[in-house]
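Okay, coords.txt is below, compact mmCIF, C-alpha atoms and all ligand atoms:
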```
# COMPACT_ATOMS: atom_id res chain seq x y z
CA MET A 1 13.19 -6.09 -18.98
CA ASN A 2 13.73 -9.82 -19.41
CA VAL A 3 13.76 -11.26 -15.93
CA ALA A 4 14.21 -14.88 -17.05
CA ALA A 5 17.31 -14.01 -19.08
CA GLY A 6 18.64 -11.98 -16.15
CA PHE A 7 18.14 -14.97 -13.87
CA GLU A 8 19.88 -17.32 -16.25
CA SER A 9 22.92 -15.10 -16.67
CA LEU A 10 23.21 -14.75 -12.88
CA TYR A 11 22.61 -18.32 -11.81
CA GLY A 12 23.48 -20.34 -14.94
CA ALA A 13 20.12 -22.03 -15.47
CA ALA A 14 16.56 -21.02 -16.31
CA PRO A 15 14.31 -20.25 -13.31
CA ASP A 16 11.69 -22.74 -12.14
CA GLY A 17 9.09 -20.03 -12.69
CA ILE A 18 8.26 -16.35 -12.82
CA TRP A 19 5.82 -14.57 -10.52
CA ALA A 20 4.54 -11.00 -10.44
CA ALA A 21 2.87 -8.93 -7.73
CA PRO A 22 1.66 -5.36 -8.19
CA GLY A 23 2.06 -2.08 -6.39
CA ARG A 24 -1.10 -0.29 -5.33
CA VAL A 25 -2.85 2.93 -4.62
CA ASN A 26 -5.47 3.33 -1.96
CA LEU A 27 -8.60 5.05 -3.24
CA ILE A 28 -9.75 5.98 0.26
CA GLY A 29 -9.37 4.87 3.90
CA GLU A 30 -5.98 6.07 5.10
CA TYR A 31 -4.44 5.11 8.46
CA THR A 32 -7.56 3.02 9.07
CA ASP A 33 -5.92 -0.38 8.65
CA PHE A 34 -4.25 -0.44 12.05
CA ASN A 35 -7.55 0.59 13.63
CA ASP A 36 -9.35 -2.59 12.42
CA GLY A 37 -11.05 -0.37 9.83
CA PHE A 38 -11.93 -0.47 6.15
CA VAL A 39 -9.74 0.38 3.17
CA LEU A 40 -10.39 0.51 -0.57
CA PRO A 41 -7.14 -0.01 -2.49
CA PHE A 42 -6.62 -1.31 -5.99
CA ALA A 43 -3.63 -2.80 -7.77
CA LEU A 44 -1.58 -0.93 -10.37
CA PRO A 45 -0.28 -2.43 -13.60
CA GLN A 46 3.21 -1.67 -12.25
CA ALA A 47 4.55 -4.84 -10.63
CA THR A 48 7.56 -6.59 -9.18
CA VAL A 49 8.55 -9.66 -11.14
CA ALA A 50 10.44 -12.47 -9.39
CA ALA A 51 12.25 -15.24 -11.24
CA VAL A 52 12.79 -17.99 -8.68
CA SER A 53 14.18 -21.50 -8.45
CA ARG A 54 13.82 -23.80 -5.50
CA ARG A 55 16.89 -25.06 -3.68
CA ASP A 56 17.11 -27.79 -1.07
CA ASP A 57 20.61 -27.14 0.24
CA GLY A 58 19.88 -24.31 2.70
CA VAL A 59 21.24 -21.58 0.42
CA LEU A 60 19.27 -18.41 -0.29
CA ARG A 61 20.64 -16.21 -3.09
CA LEU A 62 19.06 -12.83 -3.73
CA HIS A 63 19.55 -10.35 -6.54
CA SER A 64 17.60 -7.32 -7.74
CA ALA A 65 18.05 -5.52 -11.04
CA ASP A 66 16.88 -2.37 -9.23
CA ALA A 67 19.31 -2.40 -6.31
CA GLY A 68 22.96 -1.59 -6.82
CA GLY A 69 25.29 -4.38 -5.87
CA GLY A 70 25.62 -8.03 -6.64
CA THR A 71 24.05 -11.24 -5.47
CA VAL A 72 23.65 -11.65 -1.72
CA ARG A 73 24.09 -15.19 -0.42
CA LEU A 74 22.42 -16.08 2.89
CA ASP A 75 21.64 -19.09 5.05
CA ALA A 76 17.96 -19.91 4.40
CA ALA A 77 17.60 -21.35 7.92
CA ALA A 78 18.57 -18.04 9.59
CA PRO A 79 19.10 -15.31 7.01
CA GLU A 80 21.05 -12.32 8.32
CA PRO A 81 21.03 -9.63 5.62
CA PRO A 82 23.50 -6.73 5.86
CA PRO A 83 21.97 -3.96 8.04
CA GLY A 84 19.66 -1.65 6.08
CA ASP A 85 19.93 -3.77 2.96
CA TRP A 86 16.98 -4.38 0.62
CA THR A 87 17.49 -8.13 1.04
CA ALA A 88 15.76 -7.86 4.43
CA TYR A 89 12.43 -7.92 2.54
CA PRO A 90 12.81 -11.26 0.70
CA ALA A 91 14.85 -12.77 3.55
CA GLY A 92 12.06 -11.66 5.88
CA VAL A 93 9.54 -13.61 3.81
CA VAL A 94 11.68 -16.76 4.07
CA ARG A 95 12.04 -16.20 7.80
CA ALA A 96 8.31 -15.58 8.31
CA LEU A 97 7.44 -18.74 6.37
CA ARG A 98 9.88 -20.83 8.36
CA GLU A 99 8.67 -19.39 11.66
CA ALA A 100 5.15 -20.37 10.62
CA GLY A 101 6.41 -23.94 10.19
CA HIS A 102 6.86 -24.05 6.43
CA PRO A 103 10.02 -25.83 5.32
CA VAL A 104 11.55 -23.37 2.86
CA THR A 105 14.97 -24.91 2.27
CA GLY A 106 16.50 -22.29 -0.02
CA ALA A 107 16.01 -20.47 -3.31
CA ASP A 108 17.65 -18.47 -6.03
CA VAL A 109 15.80 -15.19 -6.58
CA HIS A 110 16.17 -12.47 -9.19
CA LEU A 111 13.85 -9.46 -9.10
CA ALA A 112 12.99 -6.57 -11.36
CA SER A 113 10.26 -4.04 -10.72
CA THR A 114 8.30 -1.33 -12.52
CA VAL A 115 6.85 -0.05 -9.21
CA PRO A 116 8.63 3.19 -8.31
CA SER A 117 10.34 2.65 -4.97
CA GLY A 118 9.51 4.91 -2.02
CA ALA A 119 6.71 6.69 -3.95
CA GLY A 120 3.98 5.47 -1.60
CA LEU A 121 2.91 2.89 -4.20
CA SER A 122 4.08 -0.04 -2.10
CA SER A 123 7.03 -1.45 -3.93
CA SER A 124 7.83 -3.17 -0.62
CA ALA A 125 4.58 -5.18 -0.52
CA ALA A 126 4.93 -5.98 -4.24
CA LEU A 127 8.37 -7.47 -3.59
CA GLU A 128 7.26 -9.42 -0.50
CA THR A 129 4.12 -10.76 -2.15
CA ALA A 130 5.89 -11.86 -5.35
CA VAL A 131 8.47 -13.77 -3.31
CA ALA A 132 5.86 -15.24 -0.94
CA LEU A 133 3.72 -16.50 -3.83
CA ALA A 134 6.76 -17.97 -5.60
CA LEU A 135 7.85 -19.88 -2.48
CA ASN A 136 4.27 -20.99 -1.82
CA ASP A 137 4.11 -22.55 -5.28
CA LEU A 138 7.63 -23.99 -5.39
CA PHE A 139 7.38 -25.64 -1.96
CA GLY A 140 3.72 -26.65 -2.33
CA LEU A 141 2.75 -24.81 0.87
CA GLY A 142 -0.92 -24.45 -0.06
CA LEU A 143 -1.34 -21.09 1.67
CA SER A 144 -4.31 -18.92 0.74
CA ARG A 145 -3.87 -15.40 -0.59
CA PRO A 146 -4.77 -13.78 2.77
CA GLU A 147 -2.36 -16.16 4.53
CA LEU A 148 0.41 -15.13 2.13
CA ALA A 149 -0.42 -11.48 2.80
CA ARG A 150 -0.05 -12.12 6.56
CA ILE A 151 3.35 -13.74 5.96
CA ALA A 152 4.45 -10.75 3.84
CA GLN A 153 3.25 -8.28 6.49
CA ARG A 154 5.04 -10.27 9.20
CA ALA A 155 8.24 -10.12 7.12
CA GLU A 156 8.04 -6.33 6.98
CA ASN A 157 6.95 -5.86 10.62
CA ALA A 158 9.29 -8.27 12.33
CA PHE A 159 12.23 -8.45 10.00
CA VAL A 160 12.50 -5.14 8.17
CA GLY A 161 11.13 -3.32 11.22
CA VAL A 162 8.36 -1.31 9.52
CA PRO A 163 5.12 -1.46 11.55
CA CYS A 164 2.88 -1.46 8.45
CA GLY A 165 -0.74 -2.63 8.41
CA ILE A 166 -2.10 -5.40 6.20
CA MET A 167 -3.61 -3.34 3.37
CA ASP A 168 -0.70 -3.31 0.91
CA GLN A 169 0.03 -7.02 1.06
CA MET A 170 -3.68 -7.92 0.87
CA VAL A 171 -4.33 -5.88 -2.25
CA SER A 172 -1.12 -7.05 -3.93
CA ALA A 173 -2.15 -10.65 -3.23
CA CYS A 174 -5.89 -10.45 -3.89
CA ALA A 175 -6.68 -7.64 -6.35
CA ARG A 176 -8.80 -8.18 -9.44
CA GLU A 177 -8.55 -6.20 -12.68
CA GLY A 178 -11.24 -3.53 -13.02
CA HIS A 179 -12.01 -3.66 -9.29
CA ALA A 180 -11.09 -2.06 -6.01
CA LEU A 181 -10.71 -4.27 -2.94
CA HIS A 182 -13.13 -3.39 -0.15
CA LEU A 183 -11.20 -4.89 2.73
CA ASP A 184 -12.22 -5.22 6.34
CA THR A 185 -8.87 -5.25 8.12
CA ARG A 186 -10.41 -6.70 11.29
CA ASP A 187 -10.90 -10.16 9.80
CA LEU A 188 -9.46 -9.79 6.25
CA SER A 189 -12.85 -10.40 4.68
CA TYR A 190 -13.16 -8.55 1.42
CA ARG A 191 -15.31 -7.88 -1.61
CA GLN A 192 -14.24 -6.95 -5.14
CA VAL A 193 -16.03 -3.71 -6.02
CA PRO A 194 -16.25 -2.89 -9.75
CA PHE A 195 -14.13 0.21 -10.41
CA ASP A 196 -13.14 1.13 -13.94
CA PRO A 197 -12.70 4.91 -14.27
CA ALA A 198 -11.92 4.75 -18.01
CA ALA A 199 -15.25 3.01 -18.72
CA GLU A 200 -16.99 6.03 -17.12
CA GLY A 201 -15.05 8.56 -19.21
CA LEU A 202 -12.87 9.38 -16.21
CA THR A 203 -9.17 9.27 -15.46
CA LEU A 204 -7.66 8.67 -12.06
CA LEU A 205 -4.21 10.22 -12.13
CA VAL A 206 -1.38 9.25 -9.82
CA VAL A 207 0.89 12.20 -9.13
CA ASP A 208 4.16 11.00 -7.62
CA THR A 209 5.62 14.11 -5.99
CA ARG A 210 9.04 12.41 -5.86
CA VAL A 211 9.62 13.84 -2.40
CA LYS A 212 9.91 12.06 0.91
CA HIS A 213 10.20 14.18 4.03
CA ALA A 214 12.31 12.86 6.88
CA LEU A 215 9.52 13.98 9.22
CA GLY A 216 7.56 10.95 8.04
CA ASP A 217 9.95 8.45 9.58
CA GLY A 218 8.63 8.43 13.13
CA ALA A 219 5.20 9.78 12.24
CA TYR A 220 3.57 6.48 11.39
CA ALA A 221 4.40 4.95 14.75
CA GLU A 222 3.34 8.16 16.51
CA ARG A 223 -0.07 8.19 14.76
CA ARG A 224 -0.48 4.54 15.56
CA ALA A 225 0.24 5.10 19.24
CA GLY A 226 -2.09 8.13 19.28
CA CYS A 227 -4.93 6.09 17.79
CA GLU A 228 -4.39 3.32 20.33
CA ALA A 229 -4.51 5.91 23.11
CA GLY A 230 -7.80 7.20 21.65
CA ALA A 231 -9.27 3.70 21.58
CA ARG A 232 -8.25 3.11 25.20
CA ALA A 233 -9.75 6.44 26.30
CA LEU A 234 -13.02 5.52 24.59
CA GLY A 235 -13.05 1.99 25.99
CA VAL A 236 -13.07 0.25 22.61
CA ARG A 237 -10.69 -2.36 21.27
CA ALA A 238 -10.06 -0.37 18.10
CA LEU A 239 -11.34 2.91 16.66
CA ARG A 240 -13.27 1.00 14.01
CA GLU A 241 -15.85 0.34 16.74
CA VAL A 242 -16.68 4.05 17.07
CA ASP A 243 -19.83 4.73 15.05
CA ALA A 244 -19.41 7.74 12.72
CA GLU A 245 -22.88 8.94 13.67
CA ARG A 246 -21.85 9.10 17.31
CA LEU A 247 -18.51 10.75 16.63
CA PRO A 248 -19.41 14.07 18.33
CA GLU A 249 -20.23 12.23 21.57
CA ALA A 250 -16.98 10.26 21.36
CA LEU A 251 -14.93 13.40 20.73
CA ALA A 252 -16.53 15.11 23.73
CA LEU A 253 -15.06 12.37 25.92
CA LEU A 254 -11.50 13.10 24.83
CA GLU A 255 -9.44 15.68 26.67
CA ASP A 256 -6.40 15.80 24.49
CA ASP A 257 -6.68 17.80 21.25
CA ARG A 258 -4.23 15.63 19.37
CA THR A 259 -6.06 12.42 20.28
CA ARG A 260 -9.35 14.06 19.32
CA ARG A 261 -8.00 14.96 15.88
CA TYR A 262 -6.64 11.46 15.26
CA VAL A 263 -9.92 9.85 16.31
CA ARG A 264 -11.90 12.24 14.12
CA HIS A 265 -9.74 11.36 11.12
CA VAL A 266 -9.92 7.59 11.56
CA VAL A 267 -13.64 7.44 12.27
CA SER A 268 -14.55 9.83 9.45
CA ASP A 269 -12.22 8.21 6.91
CA ASN A 270 -13.62 4.80 7.78
CA ALA A 271 -17.07 6.22 6.99
CA ARG A 272 -15.72 7.70 3.75
CA VAL A 273 -14.73 4.20 2.62
CA GLU A 274 -18.28 3.02 3.12
CA ARG A 275 -19.69 6.07 1.29
CA THR A 276 -17.30 5.52 -1.60
CA VAL A 277 -18.25 1.85 -1.90
CA ALA A 278 -21.94 2.80 -1.95
CA LEU A 279 -21.25 5.34 -4.71
CA LEU A 280 -19.29 2.81 -6.78
CA ASP A 281 -22.02 0.20 -6.33
CA ALA A 282 -24.56 2.79 -7.50
CA GLY A 283 -22.41 3.59 -10.55
CA ASP A 284 -21.96 7.20 -9.41
CA VAL A 285 -18.18 7.35 -9.81
CA ARG A 286 -18.09 11.14 -10.32
CA ALA A 287 -19.51 11.69 -6.86
CA VAL A 288 -16.42 10.00 -5.39
CA GLY A 289 -14.40 13.13 -6.26
CA PRO A 290 -15.58 15.33 -3.38
CA VAL A 291 -15.17 12.41 -0.94
CA LEU A 292 -11.50 12.24 -1.93
CA THR A 293 -11.02 15.95 -1.33
CA GLU A 294 -12.76 15.69 2.05
CA GLY A 295 -10.44 12.80 2.94
CA HIS A 296 -7.45 14.94 2.03
CA ALA A 297 -8.57 17.78 4.29
CA SER A 298 -8.89 15.29 7.14
CA LEU A 299 -5.38 13.90 6.55
CA ARG A 300 -3.98 17.43 6.28
CA ASP A 301 -5.76 19.09 9.19
CA ASP A 302 -6.61 16.31 11.65
CA LEU A 303 -3.99 13.61 11.17
CA ARG A 304 -1.41 16.11 9.86
CA VAL A 305 0.43 13.71 7.57
CA SER A 306 0.33 15.76 4.37
CA CYS A 307 3.07 18.11 3.12
CA PRO A 308 3.24 21.23 0.94
CA GLU A 309 3.83 19.26 -2.28
CA LEU A 310 0.81 17.00 -1.71
CA ASP A 311 -1.38 19.96 -0.75
CA LEU A 312 -0.26 21.76 -3.90
CA VAL A 313 -1.31 18.81 -6.08
CA VAL A 314 -4.76 18.71 -4.49
CA GLU A 315 -5.36 22.47 -4.59
CA THR A 316 -4.06 22.90 -8.14
CA ALA A 317 -5.91 19.90 -9.53
CA ASN A 318 -9.21 20.96 -7.99
CA ALA A 319 -8.76 24.56 -9.17
CA ALA A 320 -8.05 23.24 -12.68
CA GLY A 321 -11.35 21.37 -12.78
CA ALA A 322 -10.65 17.94 -11.25
CA LEU A 323 -13.59 16.18 -9.57
CA GLY A 324 -11.52 15.62 -6.44
CA ALA A 325 -8.06 14.73 -5.17
CA ARG A 326 -6.21 13.49 -2.13
CA MET A 327 -2.87 12.24 -0.93
CA THR A 328 -2.66 8.45 -0.85
CA GLY A 329 -0.49 6.24 1.33
CA GLY A 330 1.41 7.33 4.40
CA GLY A 331 2.00 10.94 3.38
CA PHE A 332 4.94 13.34 4.01
CA GLY A 333 5.60 12.99 0.28
CA GLY A 334 4.84 10.08 -2.00
CA SER A 335 1.83 10.23 -4.28
CA ALA A 336 -1.56 11.89 -4.66
CA LEU A 337 -4.64 10.75 -6.59
CA VAL A 338 -6.66 13.03 -8.85
CA LEU A 339 -10.08 12.04 -10.25
CA VAL A 340 -10.82 13.97 -13.41
CA GLU A 341 -12.96 13.84 -16.57
CA ALA A 342 -10.80 12.03 -19.14
CA GLY A 343 -10.96 15.02 -21.46
CA ARG A 344 -9.53 17.31 -18.79
CA ALA A 345 -6.79 14.98 -17.53
CA GLU A 346 -4.04 16.49 -19.65
CA ALA A 347 -4.92 20.05 -18.71
CA VAL A 348 -5.03 19.16 -15.00
CA ALA A 349 -1.70 17.33 -15.20
CA ALA A 350 -0.17 20.32 -16.99
CA ALA A 351 -1.53 22.68 -14.32
CA VAL A 352 0.05 20.57 -11.58
CA GLU A 353 3.36 20.48 -13.43
CA ARG A 354 3.30 24.27 -13.85
CA ALA A 355 2.49 24.77 -10.19
CA PHE A 356 5.42 22.53 -9.20
CA ALA A 357 7.78 24.44 -11.45
CA GLY A 358 6.45 27.74 -10.10
CA ALA A 359 7.02 26.63 -6.51
CA GLY A 360 10.54 25.48 -7.33
CA HIS A 361 9.78 21.75 -6.85
CA ALA A 362 11.27 19.07 -9.10
CA PRO A 363 8.79 17.85 -11.74
CA PRO A 364 6.32 15.22 -10.48
CA ALA A 365 5.69 11.95 -12.32
CA VAL A 366 2.10 11.78 -13.51
CA PHE A 367 0.42 8.65 -14.88
CA PRO A 368 -3.12 7.20 -15.04
CA ALA A 369 -3.95 4.51 -12.47
CA VAL A 370 -5.63 1.50 -14.07
CA PRO A 371 -7.13 -1.01 -11.59
CA SER A 372 -5.22 -4.19 -12.39
CA THR A 373 -4.75 -7.78 -11.41
CA GLY A 374 -3.11 -9.07 -8.21
CA ALA A 375 -0.21 -11.47 -7.74
CA ARG A 376 0.08 -14.28 -10.26
CA ARG A 377 2.40 -16.82 -11.81
CA LEU A 378 3.32 -15.70 -15.32
P1 LIG A 401 7.17 1.90 -0.93
O1 LIG A 401 6.70 0.58 -0.45
O2 LIG A 401 6.13 2.94 -0.79
O3 LIG A 401 7.71 1.86 -2.31
P2 LIG A 401 9.09 1.49 1.16
O4 LIG A 401 10.06 2.37 1.82
O5 LIG A 401 8.08 0.78 2.01
O6 LIG A 401 8.38 2.34 0.01
O7 LIG A 401 9.84 0.35 0.37
C1 LIG A 401 10.91 0.66 -0.49
C2 LIG A 401 12.09 -0.24 -0.20
O8 LIG A 401 11.77 -1.60 -0.58
C3 LIG A 401 13.32 0.09 -0.99
O9 LIG A 401 14.12 1.04 -0.32
C4 LIG A 401 14.03 -1.25 -1.08
O10 LIG A 401 14.74 -1.54 0.12
C5 LIG A 401 12.88 -2.24 -1.15
N1 LIG A 401 12.54 -2.55 -2.55
C6 LIG A 401 11.36 -2.32 -3.16
N2 LIG A 401 11.39 -2.76 -4.44
C7 LIG A 401 12.62 -3.28 -4.63
C8 LIG A 401 13.28 -3.91 -5.75
N3 LIG A 401 12.67 -4.10 -6.92
N4 LIG A 401 14.55 -4.32 -5.56
C9 LIG A 401 15.18 -4.16 -4.38
N5 LIG A 401 14.61 -3.58 -3.32
C10 LIG A 401 13.36 -3.14 -3.42
MG MG A 402 6.19 0.13 1.58
```

Mind turning the file's structure into structure tokens?
Amino acid sequence: MNVAAGFESLYGAAPDGIWAAPGRVNLIGEYTDFNDGFVLPFALPQATVAAVSRRDDGVLRLHSADAGGGTVRLDAAAPEPPPGDWTAYPAGVVRALREAGHPVTGADVHLASTVPSGAGLSSSAALETAVALALNDLFGLGLSRPELARIAQRAENAFVGVPCGIMDQMVSACAREGHALHLDTRDLSYRQVPFDPAAEGLTLLVVDTRVKHALGDGAYAERRAGCEAGARALGVRALREVDAERLPEALALLEDDRTRRYVRHVVSDNARVERTVALLDAGDVRAVGPVLTEGHASLRDDLRVSCPELDLVVETANAAGALGARMTGGGFGGSALVLVEAGRAEAVAAAVERAFAGAGHAPPAVFPAVPSTGARRL
């Protein structure tokens, strides 16, 4: 994929520069980011590459090698992408920057990505972050990485209409190779935690189930509303303030079973992030496996955002000798993570593939996740 050549053949001149921003997986801490909680994602080597030139005539031209269709030409001052079109993501970034007072006067953009789209690996944040970083550099905006992540999140929330948290954009903007990002979503403070499974003789597999269940569409907003109701009932601003040690007392105060389950998931998964970070700091990466499996059970039974394909990955991988496994991302399809001794990775992957074939599911895509670098100018 030669993004510069693609740009030149589209727009008739070389781009001013080329930027890349990665997709991600979240090691642990799911549905915690809209509860002011902790998350522990890392960046993948798969990234969205943006070739971009600055314009000063109010014209915004957008093209993606991955989307069918030609170049979309919009007014940079008030971009109105066709309804449901992918161009809402980059146009949303331009809009969010302008709303924040940054004079983005136009651009030519050509994108190409190696992040699978809709697999729960955050191709959307990769796209937003690559475009945000490019515009930051080309217009000399001087925004910090967390500020760019906020802009990218605002683009997706306000312009695309997806009420996502801040995790994906933060890790795409801030990740460091060989590390996971221990992020406090309350104030965006973070610490790079060394995490290099290969150096420990381990493999962390991503299993993209290649399914997406329609059920998931309204589920995110419903879980979010349920968590907010739980926080209100407990008299806290966000569920992050509920101490895991006092969880039984908090649960006893809740009448509604559904709210109780959601609170139990968020509070316990938040604690699992902290346990995982302590294990990584202690160099005990193998012990993270059972924490992953515990997290999966909580997502499956309490938050109820898993699906048969994700459960099958986790059960099969663990039965085949993995150290632990869980769904990652929003659920209802998408991807799962499997932590396994490097020498057993192939056998575990083969067991999952056999189980999928046996259940009549299409073959999953399986690849090792290597903690990689965040957004950068190439
Ligand atoms: P995920 O972020 O998990 O991959 P989303 O549904 O949040 O899934 O985002 C996927 C959407 O983002 C796609 O349907 C498309 O609109 C847009 N998108 C992502 N990457 C690209 C790309 N390289 N080119 C065009 N659109 C893209
Ligand atoms: Mg997304």

Identify the residues around (2.1, -9.3, 6.9) within a radius of 9 Å, measuring from all atoms listed in the file in the coordinates stated by the file, and give them as a list in words.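 I get Ala96, Ala125, Glu147, Leu148, Ala149, Arg150, Ile151, Ala152, Gln153, Arg154, Ala155, Glu156, Asn157, Cys164, Gly165, Ile166, Met167, Asp168, Gln169 and Met170 of chain A for the residues within 9 Å of that point.
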
Around the point (-11.5, 21.2, -8.1) in the file's coordinates, collect all residues with an atom within 10 Å, using only C-alpha atoms, and return them as an NGL selection string. :A and (289-290 or 293 or 314-325 or 338-340 or 348)

One number please: CA of Ala231 in chain A to CA of Arg304 in chain A, in Å, one decimal.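 Going from CA of Ala231 in chain A over to CA of Arg304 in chain A covers 18.8 Å.
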
Show which residues sit within 12 Å of Val266 in chain A, as an mmCIF file with C-alpha atoms, in the frame of the given file. Count all atoms listed in the file, and ignore same-chain residues fewer than 2 positions away.
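Contents of the output file part-v4.cif:
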```cif
data_model
loop_
_atom_site.group_PDB
_atom_site.id
_atom_site.type_symbol
_atom_site.label_atom_id
_atom_site.label_comp_id
_atom_site.auth_asym_id
_atom_site.auth_seq_id
_atom_site.Cartn_x
_atom_site.Cartn_y
_atom_site.Cartn_z
ATOM 1 C CA ILE A 28 -9.750 5.980 0.260
ATOM 2 C CA GLY A 29 -9.370 4.870 3.900
ATOM 3 C CA GLU A 30 -5.980 6.070 5.100
ATOM 4 C CA TYR A 31 -4.440 5.110 8.460
ATOM 5 C CA THR A 32 -7.560 3.020 9.070
ATOM 6 C CA ASP A 33 -5.920 -0.380 8.650
ATOM 7 C CA PHE A 34 -4.250 -0.440 12.050
ATOM 8 C CA ASN A 35 -7.550 0.590 13.630
ATOM 9 C CA ASP A 36 -9.350 -2.590 12.420
ATOM 10 C CA GLY A 37 -11.050 -0.370 9.830
ATOM 11 C CA PHE A 38 -11.930 -0.470 6.150
ATOM 12 C CA VAL A 39 -9.740 0.380 3.170
ATOM 13 C CA ARG A 223 -0.070 8.190 14.760
ATOM 14 C CA ARG A 224 -0.480 4.540 15.560
ATOM 15 C CA GLY A 226 -2.090 8.130 19.280
ATOM 16 C CA CYS A 227 -4.930 6.090 17.790
ATOM 17 C CA GLU A 228 -4.390 3.320 20.330
ATOM 18 C CA GLY A 230 -7.800 7.200 21.650
ATOM 19 C CA ALA A 231 -9.270 3.700 21.580
ATOM 20 C CA ALA A 238 -10.060 -0.370 18.100
ATOM 21 C CA LEU A 239 -11.340 2.910 16.660
ATOM 22 C CA ARG A 240 -13.270 1.000 14.010
ATOM 23 C CA GLU A 241 -15.850 0.340 16.740
ATOM 24 C CA VAL A 242 -16.680 4.050 17.070
ATOM 25 C CA ASP A 243 -19.830 4.730 15.050
ATOM 26 C CA ALA A 244 -19.410 7.740 12.720
ATOM 27 C CA LEU A 247 -18.510 10.750 16.630
ATOM 28 C CA LEU A 251 -14.930 13.400 20.730
ATOM 29 C CA THR A 259 -6.060 12.420 20.280
ATOM 30 C CA ARG A 260 -9.350 14.060 19.320
ATOM 31 C CA ARG A 261 -8.000 14.960 15.880
ATOM 32 C CA TYR A 262 -6.640 11.460 15.260
ATOM 33 C CA VAL A 263 -9.920 9.850 16.310
ATOM 34 C CA ARG A 264 -11.900 12.240 14.120
ATOM 35 C CA SER A 268 -14.550 9.830 9.450
ATOM 36 C CA ASP A 269 -12.220 8.210 6.910
ATOM 37 C CA ASN A 270 -13.620 4.800 7.780
ATOM 38 C CA ALA A 271 -17.070 6.220 6.990
ATOM 39 C CA ARG A 272 -15.720 7.700 3.750
ATOM 40 C CA VAL A 273 -14.730 4.200 2.620
ATOM 41 C CA GLY A 295 -10.440 12.800 2.940
ATOM 42 C CA SER A 298 -8.890 15.290 7.140
ATOM 43 C CA LEU A 299 -5.380 13.900 6.550
ATOM 44 C CA ASP A 302 -6.610 16.310 11.650
ATOM 45 C CA LEU A 303 -3.990 13.610 11.170
#
```

Between A:Ala199, A:Ala375, A:Ala369, A:Val25, which has the minimum distance to ligand MG 402 (chain A) (counting all atoms listed in the file)?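 Using all atoms listed in the file, ligand MG 402 (chain A) sits closest to A:Val25.
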
Any residue with an atom at most 6 Å from ligand MG 402 (chain A) counts, using only C-alpha atoms and all ligand atoms. Which are they? Put them as a PDB file with C-alpha atoms, keeping the file's coordinate frame.
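Generated file (pocket_13.pdb):
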```pdb
ATOM      1  CA  SER A 122       4.080  -0.040  -2.100  1.00  0.00           C
ATOM      2  CA  SER A 123       7.030  -1.450  -3.930  1.00  0.00           C
ATOM      3  CA  SER A 124       7.830  -3.170  -0.620  1.00  0.00           C
ATOM      4  CA  ALA A 125       4.580  -5.180  -0.520  1.00  0.00           C
TER       5      ALA A 125
END
```

Considering all atoms listed in the file, state which residue in the set A:Gly283, A:Gly333, A:Pro79, A:Gly101 is at the smallest distance from ligand LIG 401 (chain A).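 With all atoms listed in the file as the atom set, the closest residue is A:Gly333.
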
Can you check which parts of chain A lie within 7 Å of ligand LIG 401 (chain A)? Per residue, the shortest pair of atoms and distance in Å to one decimal, counting all atoms listed in the file, sorted by chain and number, as CSV.
```
residue,atom,partner,partner_atom,distance
A:Thr48,CA,A:LIG401,N3,6.1
A:Ser64,CA,A:LIG401,N4,4.8
A:Ala65,CA,A:LIG401,N4,6.6
A:Asp66,CA,A:LIG401,N4,4.8
A:Ala67,CA,A:LIG401,C9,4.9
A:Asp85,CA,A:LIG401,O10,6.3
A:Trp86,CA,A:LIG401,O10,3.7
A:Thr87,CA,A:LIG401,N5,6.9
A:Tyr89,CA,A:LIG401,C5,6.8
A:Leu111,CA,A:LIG401,N3,5.9
A:Ala112,CA,A:LIG401,N3,5.1
A:Ser113,CA,A:LIG401,N3,4.5
A:Pro116,CA,A:LIG401,O3,6.2
A:Ser117,CA,A:LIG401,O3,3.8
A:Gly118,CA,A:LIG401,O6,3.5
A:Ala119,CA,A:LIG401,O2,4.9
A:Gly120,CA,A:LIG401,O2,3.4
A:Leu121,CA,A:LIG401,O2,4.7
A:Ser122,CA,A:LIG401,O1,3.2
A:Ser123,CA,A:LIG401,O3,3.7
A:Ser124,CA,A:LIG401,O1,3.9
A:Ala125,CA,A:LIG401,O1,6.1
A:Leu127,CA,A:LIG401,N2,5.7
```

Atomic distance CA of Ala357 in chain A - CA of Thr203 in chain A, expressed in Å with one decimal: 23.1 Å

Work out how far CA of Val370 in chain A is from CA of Phe7 in chain A, in Å to one decimal. 28.9 Å

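Remark: for Val313 in chain A, the closest of the candidate residues A:Ala130, A:Leu254, A:Val49, A:Val206 is A:Val206 (distances computed over all atoms listed in the file).
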
Between A:Val305, A:Ala347, A:Val236, A:Leu312, single out the one closest to Gly329 in chain A, counting all atoms listed in the file. A:Val305

If we count all atoms listed in the file and set the cut-off at 12 Å, which residues sit around Ile18 in chain A, ignoring sequence neighbours fewer than 5 positions away in its own chain? Please answer as an MDAnalysis selection string. chainID A and resid 2:7 48:54 108:112 130:131 133:135 137:138 375:378

Pick from A:Ala342, A:Val193, A:Leu279, A:Ala107 nearest to Pro15 in chain A, counting all atoms listed in the file: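 So, comparing all the options, the nearest one is A:Ala107.
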
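Shortest atom-to-atom contact with Pro163 in chain A among A:Gly360, A:Thr276, A:Asp75, A:Tyr220: A:Tyr220, counting all atoms listed in the file.
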